[in-house]
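The data block below is model.tsv; it holds TSV, C-alpha atoms.
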```tsv
chain	number	residue	atom	x	y	z
P	1	ARG	CA	-5.59	-42.42	-37.42
P	2	ILE	CA	-8.53	-43.53	-35.29
P	3	GLY	CA	-10.19	-46.47	-37.01
P	4	THR	CA	-9.47	-46.03	-40.71
P	5	TYR	CA	-11.03	-48.29	-43.34
P	6	ALA	CA	-8.76	-50.04	-45.81
P	7	GLU	CA	-11.09	-49.23	-48.70
P	8	HIS	CA	-12.66	-45.83	-49.14
P	9	GLY	CA	-12.81	-43.31	-51.95
P	10	LEU	CA	-12.54	-40.03	-50.07
P	11	SER	CA	-9.26	-38.25	-49.41
P	12	PRO	CA	-9.03	-35.30	-46.99
P	13	GLU	CA	-7.87	-33.11	-49.91
P	14	LEU	CA	-10.97	-33.92	-51.97
P	15	VAL	CA	-13.29	-33.25	-49.03
P	16	ARG	CA	-11.57	-29.92	-48.30
P	17	GLU	CA	-12.08	-28.78	-51.88
P	18	PHE	CA	-15.77	-29.66	-51.66
P	19	LEU	CA	-16.20	-27.91	-48.30
P	20	GLU	CA	-14.61	-24.72	-49.62
P	21	GLY	CA	-17.24	-24.60	-52.36
P	22	ALA	CA	-20.02	-25.39	-49.89
P	23	SER	CA	-18.93	-22.52	-47.65
P	24	GLU	CA	-18.81	-20.11	-50.59
P	25	VAL	CA	-22.44	-20.80	-51.51
P	26	GLY	CA	-23.60	-20.65	-47.89
P	27	CYS	CA	-24.41	-24.29	-47.13
P	28	GLU	CA	-25.57	-24.50	-43.53
P	29	ALA	CA	-24.66	-28.19	-43.41
P	30	VAL	CA	-23.28	-30.90	-45.68
P	31	VAL	CA	-24.44	-34.51	-45.75
P	32	ASP	CA	-22.56	-37.78	-46.15
P	33	PRO	CA	-25.21	-40.46	-46.80
P	34	PHE	CA	-22.64	-43.29	-46.44
P	35	VAL	CA	-20.43	-41.93	-43.68
P	36	GLY	CA	-18.12	-44.94	-43.39
P	37	SER	CA	-15.03	-44.15	-41.32
P	38	GLY	CA	-15.94	-40.46	-41.00
P	39	VAL	CA	-13.41	-38.73	-43.27
P	40	ALA	CA	-15.96	-36.12	-44.39
P	41	ALA	CA	-17.18	-35.56	-40.81
P	42	VAL	CA	-13.68	-34.85	-39.50
P	43	GLU	CA	-12.87	-32.40	-42.30
P	44	ALA	CA	-16.22	-30.60	-42.01
P	45	GLN	CA	-15.87	-30.18	-38.26
P	46	GLU	CA	-12.30	-28.93	-38.67
P	47	ARG	CA	-13.56	-26.22	-41.05
P	48	CYS	CA	-16.58	-25.12	-38.98
P	49	VAL	CA	-19.09	-26.63	-41.41
P	50	ASP	CA	-22.06	-28.39	-39.79
P	51	PHE	CA	-22.38	-32.01	-40.86
P	52	VAL	CA	-24.97	-34.80	-41.04
P	53	GLY	CA	-23.61	-38.35	-41.37
P	54	ILE	CA	-25.82	-41.30	-42.28
P	55	ASP	CA	-25.01	-45.00	-42.34
P	56	ALA	CA	-26.89	-48.27	-42.03
P	57	ASN	CA	-23.91	-49.83	-40.24
P	58	PRO	CA	-23.91	-48.65	-36.61
P	59	TRP	CA	-20.17	-49.25	-36.22
P	60	SER	CA	-19.54	-46.43	-38.72
P	61	LEU	CA	-21.48	-44.10	-36.42
P	62	VAL	CA	-19.49	-45.18	-33.34
P	63	LEU	CA	-16.24	-44.62	-35.22
P	64	THR	CA	-17.29	-41.20	-36.51
P	65	LYS	CA	-18.55	-40.20	-33.05
P	66	ALA	CA	-15.17	-41.18	-31.57
P	67	LYS	CA	-13.36	-38.91	-34.03
P	68	THR	CA	-15.63	-35.89	-33.57
P	69	THR	CA	-16.17	-35.76	-29.78
P	70	ARG	CA	-14.01	-33.37	-27.77
P	71	LEU	CA	-12.51	-35.11	-24.73
P	72	ASP	CA	-10.15	-34.06	-21.95
P	73	ALA	CA	-7.27	-36.56	-22.08
P	74	GLY	CA	-6.47	-36.41	-18.36
P	75	TYR	CA	-10.10	-36.94	-17.39
P	76	VAL	CA	-10.49	-39.87	-19.79
P	77	MET	CA	-7.36	-41.66	-18.58
P	78	GLU	CA	-8.21	-41.11	-14.91
P	79	SER	CA	-11.82	-42.24	-15.28
P	80	PHE	CA	-10.79	-45.23	-17.40
P	81	ASP	CA	-8.29	-46.36	-14.75
P	82	GLY	CA	-11.07	-46.20	-12.15
P	83	ALA	CA	-13.40	-48.13	-14.45
P	84	LEU	CA	-10.67	-50.72	-15.06
P	85	ASP	CA	-10.22	-51.31	-11.32
P	86	ALA	CA	-13.97	-51.89	-10.98
P	87	ALA	CA	-13.97	-54.13	-14.07
P	88	ARG	CA	-11.32	-56.39	-12.56
P	89	ARG	CA	-13.56	-56.88	-9.54
P	90	LEU	CA	-16.71	-57.46	-11.59
P	91	GLY	CA	-15.11	-59.70	-14.19
P	92	PRO	CA	-15.10	-59.78	-18.01
P	93	LEU	CA	-17.96	-58.61	-20.22
P	94	VAL	CA	-18.15	-60.58	-23.47
P	95	PRO	CA	-21.16	-59.14	-25.38
P	96	SER	CA	-21.61	-62.05	-27.80
P	97	PRO	CA	-21.11	-65.83	-27.57
P	98	LEU	CA	-19.79	-65.67	-31.15
P	99	LEU	CA	-16.61	-64.03	-29.86
P	100	THR	CA	-15.45	-67.39	-28.47
P	101	LYS	CA	-15.00	-68.41	-32.10
P	102	TYR	CA	-12.54	-65.62	-32.77
P	103	HIS	CA	-10.47	-65.49	-29.57
P	104	GLY	CA	-8.66	-67.93	-27.36
P	105	PRO	CA	-9.71	-68.06	-23.69
P	106	ARG	CA	-6.89	-65.88	-22.31
P	107	ALA	CA	-7.34	-63.15	-24.90
P	108	LEU	CA	-11.12	-63.30	-24.49
P	109	GLU	CA	-10.84	-62.78	-20.74
P	110	ALA	CA	-8.39	-59.87	-21.04
P	111	LEU	CA	-10.46	-58.18	-23.75
P	112	GLY	CA	-13.62	-58.82	-21.74
P	113	VAL	CA	-12.17	-56.94	-18.76
P	114	LEU	CA	-11.39	-53.99	-21.04
P	115	ARG	CA	-14.92	-54.17	-22.47
P	116	ARG	CA	-16.36	-54.12	-18.96
P	117	ALA	CA	-14.27	-51.03	-18.21
P	118	VAL	CA	-15.64	-49.34	-21.35
P	119	GLU	CA	-19.17	-49.99	-20.08
P	120	LEU	CA	-18.32	-48.43	-16.71
P	121	ALA	CA	-16.54	-45.39	-18.17
P	122	PRO	CA	-18.26	-42.00	-18.75
P	123	ALA	CA	-20.73	-42.16	-21.66
P	124	GLU	CA	-19.06	-39.42	-23.70
P	125	ALA	CA	-15.79	-41.38	-23.76
P	126	ARG	CA	-17.27	-44.75	-24.78
P	127	PRO	CA	-17.13	-44.27	-28.57
P	128	LEU	CA	-13.39	-43.54	-28.41
P	129	LEU	CA	-12.81	-46.38	-25.93
P	130	LEU	CA	-14.62	-48.80	-28.25
P	131	ALA	CA	-12.73	-47.50	-31.28
P	132	THR	CA	-9.51	-48.12	-29.35
P	133	LEU	CA	-10.59	-51.62	-28.33
P	134	ALA	CA	-11.42	-52.69	-31.90
P	135	PRO	CA	-7.87	-52.88	-33.37
P	136	VAL	CA	-6.50	-54.45	-30.19
P	137	ALA	CA	-9.19	-57.14	-30.34
P	138	TYR	CA	-8.55	-57.70	-34.03
P	139	ARG	CA	-4.82	-58.25	-33.50
P	140	ARG	CA	-5.63	-60.85	-30.78
P	141	SER	CA	-8.20	-62.67	-32.91
P	142	ARG	CA	-8.19	-65.53	-35.36
P	143	LEU	CA	-9.75	-63.23	-37.96
P	144	ARG	CA	-7.85	-61.78	-40.90
P	145	LYS	CA	-9.74	-59.49	-43.27
P	146	MET	CA	-7.62	-59.41	-46.41
P	147	PRO	CA	-8.25	-60.36	-49.11
P	148	ALA	CA	-11.43	-61.72	-47.51
P	149	PRO	CA	-12.25	-62.51	-43.87
P	150	ARG	CA	-10.85	-65.89	-42.81
P	151	LEU	CA	-9.83	-67.66	-39.61
P	152	ILE	CA	-6.20	-68.41	-38.76
P	153	GLY	CA	-4.22	-69.61	-35.75
P	154	PRO	CA	-5.36	-70.00	-32.13
P	155	GLY	CA	-6.31	-66.33	-31.54
P	156	ASP	CA	-4.66	-65.98	-28.13
P	157	GLY	CA	-1.27	-64.39	-28.75
P	158	ASP	CA	0.40	-62.64	-25.84
P	159	ALA	CA	-2.68	-61.92	-23.74
P	160	GLY	CA	-0.56	-60.24	-21.08
P	161	SER	CA	0.33	-57.39	-23.44
P	162	ILE	CA	-3.29	-56.50	-24.26
P	163	LEU	CA	-3.74	-53.89	-21.53
P	164	PRO	CA	-0.39	-52.07	-22.15
P	165	GLU	CA	-1.14	-52.02	-25.89
P	166	TYR	CA	-4.63	-50.66	-25.23
P	167	ARG	CA	-3.37	-47.89	-22.95
P	168	ALA	CA	-0.68	-46.85	-25.44
P	169	LEU	CA	-3.21	-46.73	-28.29
P	170	LEU	CA	-5.72	-44.80	-26.17
P	171	GLU	CA	-3.07	-42.21	-25.32
P	172	ARG	CA	-2.18	-41.89	-29.00
P	173	ASN	CA	-5.83	-41.50	-29.99
P	174	LEU	CA	-6.37	-38.82	-27.34
P	175	SER	CA	-3.27	-37.03	-28.63
P	176	ASP	CA	-4.69	-37.12	-32.16
P	177	LEU	CA	-7.97	-35.65	-30.92
P	178	ALA	CA	-6.10	-32.88	-29.09
P	179	GLY	CA	-4.87	-31.59	-32.45
P	180	HIS	CA	-8.35	-31.42	-33.97
P	181	ARG	CA	-10.51	-28.32	-34.23
P	182	PHE	CA	-13.99	-29.13	-32.89
P	183	CYS	CA	-15.75	-26.28	-34.66
P	184	GLY	CA	-18.66	-27.56	-36.76
P	185	SER	CA	-21.46	-29.65	-35.26
P	186	VAL	CA	-21.78	-33.32	-36.21
P	187	ALA	CA	-25.16	-35.11	-36.24
P	188	LEU	CA	-25.18	-38.87	-36.89
P	189	VAL	CA	-28.16	-40.95	-38.01
P	190	GLN	CA	-28.46	-44.72	-38.44
P	191	ALA	CA	-30.59	-45.06	-41.56
P	192	ASP	CA	-30.85	-46.57	-45.02
P	193	SER	CA	-30.17	-43.62	-47.28
P	194	THR	CA	-31.94	-45.30	-50.19
P	195	ALA	CA	-35.15	-44.62	-48.21
P	196	TRP	CA	-34.32	-41.69	-45.90
P	197	LEU	CA	-32.43	-38.42	-46.25
P	198	PRO	CA	-32.87	-35.05	-44.54
P	199	ARG	CA	-35.70	-32.95	-45.96
P	200	ARG	CA	-33.20	-30.49	-47.41
P	201	VAL	CA	-29.69	-31.33	-48.58
P	202	CYS	CA	-27.52	-28.39	-49.54
P	203	GLY	CA	-24.43	-30.40	-50.46
P	204	ALA	CA	-23.58	-34.10	-50.31
P	205	ILE	CA	-20.17	-35.76	-50.49
P	206	THR	CA	-19.67	-39.48	-50.08
P	207	SER	CA	-18.03	-42.71	-51.13
P	208	PRO	CA	-20.96	-45.13	-51.39
P	209	PRO	CA	-20.68	-48.94	-51.20
P	210	PHE	CA	-19.06	-50.48	-54.25
P	211	ALA	CA	-20.73	-53.27	-56.24
P	212	ASN	CA	-17.68	-55.46	-55.63
P	213	ASN	CA	-19.07	-58.43	-53.70
P	214	VAL	CA	-17.51	-57.22	-50.42
P	215	ASP	CA	-19.60	-57.86	-47.31
P	216	TYR	CA	-19.08	-54.67	-45.30
P	217	VAL	CA	-20.87	-56.12	-42.26
P	218	ARG	CA	-18.52	-59.11	-42.26
P	219	HIS	CA	-15.53	-56.79	-42.49
P	220	THR	CA	-16.71	-54.96	-39.36
P	221	MET	CA	-18.16	-58.04	-37.65
P	222	LEU	CA	-15.64	-58.19	-34.79
P	223	GLU	CA	-16.20	-54.50	-34.05
P	224	LEU	CA	-19.99	-54.92	-34.09
P	225	LEU	CA	-19.82	-57.89	-31.72
P	226	TRP	CA	-17.45	-56.27	-29.21
P	227	ALA	CA	-19.46	-53.04	-29.26
P	228	GLY	CA	-22.64	-54.97	-28.48
P	229	LEU	CA	-24.24	-53.71	-31.68
P	230	ALA	CA	-24.84	-57.29	-32.81
P	231	ARG	CA	-25.12	-60.37	-30.61
P	232	ASP	CA	-25.59	-63.23	-33.03
P	233	SER	CA	-25.84	-64.24	-36.67
P	234	SER	CA	-29.46	-63.08	-36.80
P	235	ASP	CA	-28.43	-59.54	-35.78
P	236	LEU	CA	-25.65	-59.53	-38.37
P	237	GLY	CA	-28.15	-60.67	-40.98
P	238	LEU	CA	-30.48	-57.79	-40.12
P	239	LEU	CA	-27.62	-55.32	-40.56
P	240	ARG	CA	-26.79	-56.87	-43.94
P	241	GLY	CA	-30.40	-56.46	-44.98
P	242	ALA	CA	-30.26	-52.75	-44.13
P	243	GLN	CA	-27.25	-52.13	-46.40
P	244	VAL	CA	-27.08	-51.30	-50.06
P	245	PRO	CA	-26.65	-54.85	-51.45
P	246	GLY	CA	-23.06	-54.67	-52.71
P	247	CYS	CA	-22.48	-58.42	-52.24
P	248	GLU	CA	-24.24	-61.78	-52.48
P	249	ALA	CA	-24.71	-61.96	-48.70
P	250	CYS	CA	-26.73	-58.73	-48.70
P	251	ALA	CA	-29.17	-59.73	-51.45
P	252	ARG	CA	-32.70	-60.35	-50.16
P	253	GLU	CA	-35.87	-61.90	-51.63
P	254	TRP	CA	-37.89	-58.81	-50.71
P	255	ARG	CA	-35.61	-56.31	-52.44
P	256	GLU	CA	-36.60	-54.73	-55.72
P	257	HIS	CA	-34.61	-55.59	-58.81
P	258	SER	CA	-33.61	-53.16	-61.53
P	259	SER	CA	-35.68	-53.33	-64.71
P	260	ASP	CA	-33.41	-50.93	-66.58
P	261	PRO	CA	-32.61	-52.50	-70.00
P	262	GLU	CA	-29.03	-51.21	-69.83
P	263	VAL	CA	-28.52	-52.91	-66.46
P	264	GLU	CA	-30.12	-56.12	-67.72
P	265	ALA	CA	-27.81	-56.14	-70.75
P	266	LEU	CA	-24.83	-55.56	-68.47
P	267	LEU	CA	-25.79	-58.41	-66.15
P	268	SER	CA	-26.19	-60.84	-69.05
P	269	LYS	CA	-22.40	-60.64	-69.48
P	270	VAL	CA	-21.74	-61.91	-65.94
P	271	GLY	CA	-20.59	-65.53	-66.09
P	272	GLY	CA	-19.08	-68.31	-64.02
P	273	ARG	CA	-20.56	-70.79	-61.56
P	274	ARG	CA	-21.80	-67.99	-59.28
P	275	ALA	CA	-23.36	-65.96	-62.08
P	276	GLU	CA	-26.92	-66.27	-60.72
P	277	GLY	CA	-25.96	-64.94	-57.28
P	278	TYR	CA	-23.85	-62.16	-58.79
P	279	ARG	CA	-26.67	-61.02	-61.10
P	280	ARG	CA	-29.13	-61.06	-58.23
P	281	TYR	CA	-27.16	-58.76	-55.95
P	282	LEU	CA	-26.01	-56.51	-58.80
P	283	SER	CA	-29.59	-55.98	-59.96
P	284	GLN	CA	-30.61	-55.12	-56.40
P	285	TYR	CA	-27.55	-52.86	-56.02
P	286	PHE	CA	-28.43	-50.79	-59.08
P	287	MET	CA	-32.06	-50.56	-57.95
P	288	ALA	CA	-31.04	-49.42	-54.46
P	289	MET	CA	-28.61	-46.80	-55.77
P	290	THR	CA	-31.23	-45.56	-58.25
P	291	SER	CA	-33.66	-45.13	-55.35
P	292	HIS	CA	-31.02	-43.28	-53.35
P	293	LEU	CA	-30.10	-40.92	-56.18
P	294	SER	CA	-33.77	-40.29	-57.00
P	295	LEU	CA	-34.38	-39.33	-53.37
P	296	LEU	CA	-31.28	-37.15	-53.35
P	297	SER	CA	-32.32	-35.38	-56.53
P	298	GLU	CA	-35.60	-34.32	-54.88
P	299	ARG	CA	-33.80	-32.73	-51.93
P	300	LEU	CA	-30.46	-31.52	-53.26
P	301	GLU	CA	-30.14	-27.74	-53.44
P	302	TRP	CA	-26.56	-27.35	-54.59
P	303	ARG	CA	-24.13	-30.11	-55.50
P	304	ALA	CA	-23.21	-33.74	-54.76
P	305	TRP	CA	-19.82	-35.39	-55.18
P	306	TYR	CA	-19.65	-39.20	-55.27
P	307	THR	CA	-16.45	-41.23	-55.55
P	308	ILE	CA	-17.02	-44.80	-56.64
P	309	GLY	CA	-15.01	-47.44	-58.48
P	310	ASP	CA	-15.99	-49.88	-61.18
P	311	SER	CA	-15.85	-53.62	-60.48
P	312	ILE	CA	-15.06	-56.85	-62.25
P	313	VAL	CA	-17.68	-59.47	-61.31
P	314	GLY	CA	-18.01	-62.87	-62.94
P	315	GLY	CA	-15.61	-61.80	-65.66
P	316	ALA	CA	-17.73	-58.78	-66.59
P	317	HIS	CA	-16.80	-55.10	-66.22
P	318	ILE	CA	-19.43	-53.43	-64.03
P	319	PRO	CA	-19.22	-49.68	-64.76
P	320	THR	CA	-20.87	-48.35	-61.62
```

Represent the structure from my file as structure tokens, please.
Amino acid sequence: RIGTYAEHGLSPELVREFLEGASEVGCEAVVDPFVGSGVAAVEAQERCVDFVGIDANPWSLVLTKAKTTRLDAGYVMESFDGALDAARRLGPLVPSPLLTKYHGPRALEALGVLRRAVELAPAEARPLLLATLAPVAYRRSRLRKMPAPRLIGPGDGDAGSILPEYRALLERNLSDLAGHRFCGSVALVQADSTAWLPRRVCGAITSPPFANNVDYVRHTMLELLWAGLARDSSDLGLLRGAQVPGCEACAREWREHSSDPEVEALLSKVGGRRAEGYRRYLSQYFMAMTSHLSLLSERLEWRAWYTIGDSIVGGAHIPT
């Protein structure tokens, strides 16, 4: 339950079936080139299969690290309480000026004190502490993510309940971790998997970005800002440029476009007032995924499972 994504294509049951086959053929490690919220990492570690997770979005790596790091609950709570006392003396840490746009002053101060405490806590606990902070910050923000990110209300709420809510969620997350089997090793790499993969890939299982005009950086923007992984719009733009371009915001002038006649015929069916922008990012999406799969095909020794959905863009069916 630690930091799930609303949209992903992997179920624990599917990953378990894949891992059973990987173990039977003797895979030393499996790879998820778009690790997302870490479903494959958790299941691999539980089953003593070594794992390599790759993602261009650093928040995905923090979230996966939080789920796959063994922690002593008593030690974490005690050290966090000490860090919180020091944070109250030192004052709030607000990593980005953009956060004033999403929170009222009381909520911002209370969350900033928690963020300062995270910074003062033991390093091995910080991923979990950040993963715990993210949903608390979201509920006290003006941001709502569905169906698309938008701003609502004053973003202050009951600031006095932020700390009790955080502590309760942290205790729940530590309880969830206590039931996990930390058997397989987990290595995490921030990279663009259309250009980089391990030299050898025995098995790969993933749910890659969809071509559905969803800005995955925007959907994790609050998390990136509070974690200090992005400070301003320029940083967010750089992270968008590192992603597979599954939306208009991630299209870039320097990216290669697909010259595949089948793709070009498909894109000619995209209509509406935003047709040009849609065609641009879709062409770059198919080029990026072709590059990724070409790289994978050079290095894959056994099998790859990909779960991905089709999209409707500009009135056209996009059969990804």

Next item on the list: Please provide the set of residues having any atom within 9 Å of P:Leu128, restricted to all atoms listed in the file, with same-chain residues fewer than 3 positions apart removed, written as a list in words.
Entry: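 My list of contacting residues is Ile2, Val62, Leu63, Lys65, Ala66, Lys67, Thr69, Glu124, Ala125, Ala131, Thr132, Leu133, Leu170, Asn173 and Leu174 of chain P.
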
Checklist line | Contacts of P:Leu98 within 10 Å, only C-alpha atoms, excl. fewer than 6 positions in-chain, as number ranges by chain | finding: P: 222, 225-226, 230-233

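Comparing P:Leu14, P:Ala29, P:Met77, P:Val189 by their smallest distance to P:Leu169, the closest is P:Met77 (using only C-alpha atoms).
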
Margin query: Need to verify the contact set: P:Ser268, 10 Å, all atoms listed in the file, exclusion of same-chain residues closer than 4 positions in sequence. Can you return it as a list of chain:residue names?
Written below: P:Val263, P:Glu264, P:Ala275, P:Glu276, P:Arg279, P:Ala316

Next item on the list: Report the distance between atom CA of P:Pro164 and atom CA of P:Ala148 in Å, rounded to one decimal place.
Entry: 29.3 Å

Margin query: Can you pull out the residues contacting stretch 42-53 of chain P? Cut-off 8 Å, using all atoms listed in the file, and skip same-chain residues under 4 positions away; I want them as a VMD selection string.
Written below: chain P and resid 12 15 to 16 19 23 28 to 35 38 61 64 67 to 68 180 to 189

C-alpha atoms of the current selection, written as a PDB file, in the frame of the given file:
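Contents of again-v1.pdb, freshly written:
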```
ATOM      1  CA  PRO P  12      -9.030 -35.300 -46.990  1.00  0.00           C
ATOM      2  CA  VAL P  15     -13.290 -33.250 -49.030  1.00  0.00           C
ATOM      3  CA  ARG P  16     -11.570 -29.920 -48.300  1.00  0.00           C
ATOM      4  CA  LEU P  19     -16.200 -27.910 -48.300  1.00  0.00           C
ATOM      5  CA  SER P  23     -18.930 -22.520 -47.650  1.00  0.00           C
ATOM      6  CA  GLU P  28     -25.570 -24.500 -43.530  1.00  0.00           C
ATOM      7  CA  ALA P  29     -24.660 -28.190 -43.410  1.00  0.00           C
ATOM      8  CA  VAL P  30     -23.280 -30.900 -45.680  1.00  0.00           C
ATOM      9  CA  VAL P  31     -24.440 -34.510 -45.750  1.00  0.00           C
ATOM     10  CA  ASP P  32     -22.560 -37.780 -46.150  1.00  0.00           C
ATOM     11  CA  PRO P  33     -25.210 -40.460 -46.800  1.00  0.00           C
ATOM     12  CA  PHE P  34     -22.640 -43.290 -46.440  1.00  0.00           C
ATOM     13  CA  VAL P  35     -20.430 -41.930 -43.680  1.00  0.00           C
ATOM     14  CA  GLY P  38     -15.940 -40.460 -41.000  1.00  0.00           C
ATOM     15  CA  LEU P  61     -21.480 -44.100 -36.420  1.00  0.00           C
ATOM     16  CA  THR P  64     -17.290 -41.200 -36.510  1.00  0.00           C
ATOM     17  CA  LYS P  67     -13.360 -38.910 -34.030  1.00  0.00           C
ATOM     18  CA  THR P  68     -15.630 -35.890 -33.570  1.00  0.00           C
ATOM     19  CA  HIS P 180      -8.350 -31.420 -33.970  1.00  0.00           C
ATOM     20  CA  ARG P 181     -10.510 -28.320 -34.230  1.00  0.00           C
ATOM     21  CA  PHE P 182     -13.990 -29.130 -32.890  1.00  0.00           C
ATOM     22  CA  CYS P 183     -15.750 -26.280 -34.660  1.00  0.00           C
ATOM     23  CA  GLY P 184     -18.660 -27.560 -36.760  1.00  0.00           C
ATOM     24  CA  SER P 185     -21.460 -29.650 -35.260  1.00  0.00           C
ATOM     25  CA  VAL P 186     -21.780 -33.320 -36.210  1.00  0.00           C
ATOM     26  CA  ALA P 187     -25.160 -35.110 -36.240  1.00  0.00           C
ATOM     27  CA  LEU P 188     -25.180 -38.870 -36.890  1.00  0.00           C
ATOM     28  CA  VAL P 189     -28.160 -40.950 -38.010  1.00  0.00           C
TER      29      VAL P 189
END
```

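Interatomic distance, atom CA of P:Ala22 to atom CA of P:Trp305: 11.3 Å.
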
Note to self: Just checking: using only C-alpha atoms, which residue out of P:Arg252, P:Lys145, P:Arg218, P:Arg172 ends up closest to P:Asp235?
What the structure shows: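 So, comparing all the options, the nearest one is P:Arg218.
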
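For the pair atom CA of P:Glu109 and atom CA of P:Gly153, the separation is 17.8 Å.
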
Atoms added to stretch 266-272 of chain P (all heavy atoms), reported as an mmCIF file, in the coordinates of the input:
```
data_model
loop_
_atom_site.group_PDB
_atom_site.id
_atom_site.type_symbol
_atom_site.label_atom_id
_atom_site.label_comp_id
_atom_site.auth_asym_id
_atom_site.auth_seq_id
_atom_site.Cartn_x
_atom_site.Cartn_y
_atom_site.Cartn_z
ATOM 1 N N LEU P 266 -26.110 -55.476 -69.176
ATOM 2 C CA LEU P 266 -24.830 -55.560 -68.470
ATOM 3 C C LEU P 266 -24.738 -56.873 -67.699
ATOM 4 O O LEU P 266 -23.720 -57.581 -67.757
ATOM 5 C CB LEU P 266 -24.706 -54.370 -67.520
ATOM 6 C CG LEU P 266 -23.461 -54.273 -66.646
ATOM 7 C CD1 LEU P 266 -22.245 -53.985 -67.499
ATOM 8 C CD2 LEU P 266 -23.645 -53.173 -65.604
ATOM 9 N N LEU P 267 -25.809 -57.219 -66.983
ATOM 10 C CA LEU P 267 -25.790 -58.410 -66.150
ATOM 11 C C LEU P 267 -25.752 -59.698 -66.973
ATOM 12 O O LEU P 267 -25.276 -60.727 -66.491
ATOM 13 C CB LEU P 267 -27.000 -58.429 -65.214
ATOM 14 C CG LEU P 267 -27.120 -57.248 -64.244
ATOM 15 C CD1 LEU P 267 -28.265 -57.468 -63.275
ATOM 16 C CD2 LEU P 267 -25.823 -57.031 -63.486
ATOM 17 N N SER P 268 -26.226 -59.643 -68.195
ATOM 18 C CA SER P 268 -26.190 -60.840 -69.050
ATOM 19 C C SER P 268 -24.763 -61.255 -69.381
ATOM 20 O O SER P 268 -24.520 -62.395 -69.781
ATOM 21 C CB SER P 268 -26.979 -60.575 -70.338
ATOM 22 O OG SER P 268 -26.295 -59.628 -71.161
ATOM 23 N N LYS P 269 -23.804 -60.338 -69.192
ATOM 24 C CA LYS P 269 -22.400 -60.640 -69.480
ATOM 25 C C LYS P 269 -21.696 -61.308 -68.297
ATOM 26 O O LYS P 269 -20.571 -61.788 -68.434
ATOM 27 C CB LYS P 269 -21.655 -59.352 -69.845
ATOM 28 C CG LYS P 269 -22.227 -58.651 -71.069
ATOM 29 C CD LYS P 269 -21.524 -57.317 -71.312
ATOM 30 C CE LYS P 269 -22.152 -56.583 -72.495
ATOM 31 N NZ LYS P 269 -21.514 -55.259 -72.717
ATOM 32 N N VAL P 270 -22.338 -61.306 -67.122
ATOM 33 C CA VAL P 270 -21.740 -61.910 -65.940
ATOM 34 C C VAL P 270 -21.796 -63.419 -66.070
ATOM 35 O O VAL P 270 -22.857 -63.990 -66.326
ATOM 36 C CB VAL P 270 -22.489 -61.457 -64.656
ATOM 37 C CG1 VAL P 270 -21.945 -62.195 -63.440
ATOM 38 C CG2 VAL P 270 -22.367 -59.951 -64.478
ATOM 39 N N GLY P 271 -20.641 -64.081 -65.907
ATOM 40 C CA GLY P 271 -20.590 -65.530 -66.090
ATOM 41 C C GLY P 271 -20.008 -66.240 -64.888
ATOM 42 O O GLY P 271 -19.870 -65.676 -63.804
ATOM 43 N N GLY P 272 -19.674 -67.511 -65.078
ATOM 44 C CA GLY P 272 -19.080 -68.310 -64.020
ATOM 45 C C GLY P 272 -20.117 -69.059 -63.214
ATOM 46 O O GLY P 272 -21.325 -68.850 -63.350
#
```
